[in-house]
Amino acid sequence: MLEWSRVEEPLFRPPAEADSLILQVDRGCPYNRCSFCGMYAGVPFRRLKPPEVAALLARAGRPDARRVFLADGDVLRRPFAELAAILKLLGERLPGLARVNLYATGTAIAGKSDAELRALRELKLRTLYLGLESGDEAALKSMRKAESAGLMVREAVRAQACGLHLSVMVLLGLGGKERSAEHARATAAALNRMQPRLLSALRVIPVPGTELQREIRAGRFAELSEYQAVQELRALLAGLELSRTVFRANHASNVVPLEGSLPKDQARLLAELDALLESGRLDRDSPGPAPLWL
Ligand code: SF4
């Protein structure tokens, strides 16, 4: 039997959770079939049983923790009673606990009723990190994303109405050259309906071993050049009508780091992108250098 006393690699968590107590109550992703994703390749999905979660928490040795992030891939997919029991345990053992955050999918939200989402909120569940990736249904389908954009928008709106916060991730370049304009347009439209608190725009990277990388090598998916990736980000940003969102495009995959509050900083961010597009510094023929983490 695995020893769950420590973090098992690979461990992924959002940058904003750097100071949180990370509890790896699941291992891997229950879906694990998105073509662009190599996060949990070869990791058999497993959920810790309640006594294992209690032991993990005891061994973490952080009774003063105020923020907890529950890993791995889609912890909200746990049956309501199990997740509620974990949150109750955290509340009992961590007296200063303020909030618990986790990754979630549209399917996982859809599996909880309004009453269950509100009950989880009462137990200090706060931010759901949701990978929308694109609002373009054709791009999502070709990448074997489990959910449609329509479902993710509907469930995101419902989760927020139940008091949860939403941090949404989108992937620049997910439609390739062929669907870049539609990807930008439909993604902005989906985000406008979602109105997330936090929005992160990352750039899709062909991770070794993924279906996406095989498609690129076979000539069936044309990656955006560096210039086109910035053009697509500009089109996305120009289409956003968000009333209160912190926007970040400062992941290692992004061509340049950008950050601001929307709508306040929208004009500044667009001007920065225009200056970059006019600078002549962007590669128009290739995606540019791969990020250092590859
Ligand atoms: S993108 Fe998310 S849902 Fe898709 S395989 Fe990766 S972790 Fe699982």
# chains A, B, ... in the order shown; residues from 1 in each chain; ligands from 1
>>> select_by_dssp(residues="stretch 10-239 of chain A", states="strand (DSSP E)", output="number ranges by chain")
A: 21-24, 26-27, 46-47, 67-71, 99-104, 125-133, 165-172, 198-203
>>> closest_atom_pairs(of="chain A", to="ligand 1", cutoff="8 Å", atoms="only C-alpha atoms and all ligand atoms", output="Markdown table")
| residue | atom | partner | partner_atom_place_in_ligand_line | distance |
| --- | --- | --- | --- | --- |
| A:Gly28 | CA | ligand 1 | 7 (S) | 7.5 |
| A:Cys29 | CA | ligand 1 | 8 (Fe) | 4.8 |
| A:Pro30 | CA | ligand 1 | 8 (Fe) | 6.7 |
| A:Tyr31 | CA | ligand 1 | 8 (Fe) | 5.1 |
| A:Asn32 | CA | ligand 1 | 5 (S) | 3.5 |
| A:Arg33 | CA | ligand 1 | 5 (S) | 4.7 |
| A:Cys34 | CA | ligand 1 | 4 (Fe) | 4.3 |
| A:Ser35 | CA | ligand 1 | 5 (S) | 7.5 |
| A:Phe36 | CA | ligand 1 | 1 (S) | 7.2 |
| A:Cys37 | CA | ligand 1 | 6 (Fe) | 4.7 |
| A:Gly38 | CA | ligand 1 | 6 (Fe) | 6.6 |
| A:Met39 | CA | ligand 1 | 6 (Fe) | 5.8 |
| A:Tyr40 | CA | ligand 1 | 7 (S) | 6.7 |
| A:Gly73 | CA | ligand 1 | 7 (S) | 4.8 |
| A:Asp74 | CA | ligand 1 | 3 (S) | 7.1 |
| A:Thr105 | CA | ligand 1 | 3 (S) | 6.7 |
| A:Gly131 | CA | ligand 1 | 2 (Fe) | 6.7 |
| A:Lys145 | CA | ligand 1 | 4 (Fe) | 6.3 |
| A:Ala146 | CA | ligand 1 | 3 (S) | 7.3 |
>>> write_last_selection(atoms="N, CA, C and O atoms", output="mmCIF file, in the first residue's frame")
data_model
loop_
_atom_site.group_PDB
_atom_site.id
_atom_site.type_symbol
_atom_site.label_atom_id
_atom_site.label_comp_id
_atom_site.auth_asym_id
_atom_site.auth_seq_id
_atom_site.Cartn_x
_atom_site.Cartn_y
_atom_site.Cartn_z
ATOM 1 N N GLY A 28 -3.910 11.787 -9.111
ATOM 2 C CA GLY A 28 -4.225 11.772 -10.530
ATOM 3 C C GLY A 28 -5.544 12.442 -10.861
ATOM 4 O O GLY A 28 -6.112 13.178 -10.048
ATOM 5 N N CYS A 29 -6.018 12.176 -12.078
ATOM 6 C CA CYS A 29 -7.256 12.783 -12.586
ATOM 7 C C CYS A 29 -8.232 11.672 -12.943
ATOM 8 O O CYS A 29 -7.857 10.737 -13.650
ATOM 9 N N PRO A 30 -9.499 11.783 -12.505
ATOM 10 C CA PRO A 30 -10.448 10.715 -12.800
ATOM 11 C C PRO A 30 -10.803 10.612 -14.287
ATOM 12 O O PRO A 30 -11.324 9.591 -14.717
ATOM 13 N N TYR A 31 -10.517 11.650 -15.066
ATOM 14 C CA TYR A 31 -10.813 11.628 -16.508
ATOM 15 C C TYR A 31 -9.543 11.284 -17.306
ATOM 16 O O TYR A 31 -9.479 10.243 -17.965
ATOM 17 N N ASN A 32 -8.552 12.144 -17.194
ATOM 18 C CA ASN A 32 -7.207 11.882 -17.729
ATOM 19 C C ASN A 32 -7.170 11.611 -19.237
ATOM 20 O O ASN A 32 -6.319 10.823 -19.672
ATOM 21 N N ARG A 33 -8.031 12.225 -20.008
ATOM 22 C CA ARG A 33 -8.024 11.933 -21.446
ATOM 23 C C ARG A 33 -7.928 13.180 -22.328
ATOM 24 O O ARG A 33 -8.020 13.060 -23.546
ATOM 25 N N CYS A 34 -7.773 14.375 -21.772
ATOM 26 C CA CYS A 34 -7.651 15.565 -22.617
ATOM 27 C C CYS A 34 -6.362 15.462 -23.444
ATOM 28 O O CYS A 34 -5.299 15.163 -22.894
ATOM 29 N N SER A 35 -6.466 15.718 -24.751
ATOM 30 C CA SER A 35 -5.318 15.486 -25.657
ATOM 31 C C SER A 35 -4.110 16.357 -25.365
ATOM 32 O O SER A 35 -3.003 16.002 -25.722
ATOM 33 N N PHE A 36 -4.339 17.523 -24.780
ATOM 34 C CA PHE A 36 -3.240 18.469 -24.557
ATOM 35 C C PHE A 36 -2.583 18.281 -23.193
ATOM 36 O O PHE A 36 -1.604 18.937 -22.873
ATOM 37 N N CYS A 37 -3.136 17.408 -22.364
ATOM 38 C CA CYS A 37 -2.730 17.372 -20.955
ATOM 39 C C CYS A 37 -1.843 16.173 -20.649
ATOM 40 O O CYS A 37 -2.225 15.031 -20.894
ATOM 41 N N GLY A 38 -0.671 16.477 -20.085
ATOM 42 C CA GLY A 38 0.219 15.386 -19.676
ATOM 43 C C GLY A 38 0.419 15.384 -18.176
ATOM 44 O O GLY A 38 1.332 14.749 -17.662
ATOM 45 N N MET A 39 -0.462 16.119 -17.466
ATOM 46 C CA MET A 39 -0.238 16.321 -16.031
ATOM 47 C C MET A 39 -0.166 15.007 -15.259
ATOM 48 O O MET A 39 0.697 14.807 -14.419
ATOM 49 N N TYR A 40 -1.093 14.132 -15.540
ATOM 50 C CA TYR A 40 -1.148 12.900 -14.743
ATOM 51 C C TYR A 40 -0.993 11.659 -15.624
ATOM 52 O O TYR A 40 -1.549 10.605 -15.317
ATOM 53 N N GLY A 73 -6.335 16.196 -9.390
ATOM 54 C CA GLY A 73 -7.030 16.719 -10.565
ATOM 55 C C GLY A 73 -8.436 17.260 -10.454
ATOM 56 O O GLY A 73 -8.727 18.263 -11.056
ATOM 57 N N ASP A 74 -9.342 16.612 -9.772
ATOM 58 C CA ASP A 74 -10.751 17.054 -9.776
ATOM 59 C C ASP A 74 -11.399 16.607 -8.466
ATOM 60 O O ASP A 74 -12.301 15.772 -8.456
ATOM 61 N N THR A 105 -14.085 20.352 -12.265
ATOM 62 C CA THR A 105 -14.537 20.346 -13.667
ATOM 63 C C THR A 105 -16.037 20.668 -13.704
ATOM 64 O O THR A 105 -16.728 20.574 -12.674
ATOM 65 N N GLY A 131 -10.827 24.581 -15.508
ATOM 66 C CA GLY A 131 -10.198 24.704 -16.828
ATOM 67 C C GLY A 131 -11.264 24.760 -17.906
ATOM 68 O O GLY A 131 -11.728 23.723 -18.368
ATOM 69 N N LYS A 145 -11.888 17.192 -24.621
ATOM 70 C CA LYS A 145 -12.336 17.710 -23.326
ATOM 71 C C LYS A 145 -13.675 17.047 -23.003
ATOM 72 O O LYS A 145 -14.526 16.899 -23.888
ATOM 73 N N ALA A 146 -13.874 16.667 -21.772
ATOM 74 C CA ALA A 146 -15.078 15.907 -21.429
ATOM 75 C C ALA A 146 -16.348 16.748 -21.539
ATOM 76 O O ALA A 146 -17.416 16.226 -21.848
#
>>> residues_around(residues="stretch 236-241 of chain A", least_positions_apart="5", cutoff="7 Å", atoms="only C-alpha atoms", output="ChimeraX atom specification")
/A:184-185,188,192
>>> atom_distance(atom1="atom CA of A:Ser20", atom2="atom CA of A:Pro50")
21.0 Å
>>> residues_around(residues="stretch 97-104 of chain A", least_positions_apart="2", cutoff="8 Å", atoms="only C-alpha atoms", output="NGL selection string")
:A and (64-77 or 87 or 90-91 or 94-95 or 106 or 108-109 or 124-131)
>>> residues_around(residues="A:Thr187", least_positions_apart="5", cutoff="7 Å", atoms="only C-alpha atoms", output="PyMOL selection string")
chain A and resi 134-136
>>> residues_around(residues="A:Pro287", least_positions_apart="6", cutoff="7 Å", atoms="only C-alpha atoms", output="NGL selection string")
:A and (223-226)
>>> closest_residue(among="A:Pro206, A:Gly260, A:His251, A:Gln228", to="A:Asp285", atoms="only C-alpha atoms")
A:Gln228
>>> atom_distance(atom1="atom CA of A:Leu199", atom2="atom CA of A:Glu122")
24.3 Å
>>> residues_around(residues="A:Val246", least_positions_apart="4", cutoff="8 Å", atoms="only C-alpha atoms", output="PyMOL selection string")
chain A and resi 197-199+259-262
>>> atom_distance(atom1="atom CA of A:Glu178", atom2="atom CA of A:Ala222")
7.5 Å
>>> select_by_dssp(residues="stretch 164-210 of chain A", states="helix (DSSP H, G or I)", output="list in words")
Ser180, Ala181, Glu182, His183, Ala184, Arg185, Ala186, Thr187, Ala188, Ala189, Ala190, Leu191, Asn192, Arg193 and Met194 of chain A
>>> write_last_selection(atoms="N, CA and C atoms", output="short mmCIF file (atom, residue, chain, number, x, y, z; two decimals), in the first residue's frame")
data_model
loop_
_atom_site.label_atom_id
_atom_site.label_comp_id
_atom_site.auth_asym_id
_atom_site.auth_seq_id
_atom_site.Cartn_x
_atom_site.Cartn_y
_atom_site.Cartn_z
N SER A 180 -8.24 29.86 -34.66
CA SER A 180 -7.76 30.88 -33.72
C SER A 180 -8.80 32.00 -33.51
N ALA A 181 -9.35 32.52 -34.58
CA ALA A 181 -10.30 33.65 -34.45
C ALA A 181 -11.55 33.20 -33.70
N GLU A 182 -12.06 32.01 -34.05
CA GLU A 182 -13.28 31.52 -33.41
C GLU A 182 -13.01 31.18 -31.94
N HIS A 183 -11.83 30.61 -31.67
CA HIS A 183 -11.44 30.29 -30.29
C HIS A 183 -11.42 31.56 -29.44
N ALA A 184 -10.83 32.63 -29.95
CA ALA A 184 -10.76 33.89 -29.19
C ALA A 184 -12.17 34.45 -28.98
N ARG A 185 -12.96 34.46 -30.04
CA ARG A 185 -14.30 35.05 -29.95
C ARG A 185 -15.20 34.27 -28.98
N ALA A 186 -15.23 32.94 -29.17
CA ALA A 186 -16.13 32.12 -28.35
C ALA A 186 -15.65 32.04 -26.90
N THR A 187 -14.35 32.10 -26.69
CA THR A 187 -13.83 32.05 -25.31
C THR A 187 -14.18 33.33 -24.57
N ALA A 188 -14.04 34.47 -25.25
CA ALA A 188 -14.44 35.74 -24.62
C ALA A 188 -15.93 35.70 -24.28
N ALA A 189 -16.74 35.18 -25.21
CA ALA A 189 -18.19 35.13 -24.98
C ALA A 189 -18.52 34.24 -23.77
N ALA A 190 -17.86 33.08 -23.68
CA ALA A 190 -18.11 32.17 -22.54
C ALA A 190 -17.69 32.85 -21.22
N LEU A 191 -16.55 33.51 -21.23
CA LEU A 191 -16.08 34.18 -20.01
C LEU A 191 -17.01 35.31 -19.61
N ASN A 192 -17.54 36.02 -20.60
CA ASN A 192 -18.47 37.11 -20.29
C ASN A 192 -19.72 36.59 -19.59
N ARG A 193 -20.12 35.38 -19.95
CA ARG A 193 -21.28 34.79 -19.28
C ARG A 193 -20.89 34.26 -17.89
N MET A 194 -19.68 33.77 -17.77
CA MET A 194 -19.23 33.22 -16.47
C MET A 194 -18.94 34.30 -15.42
#
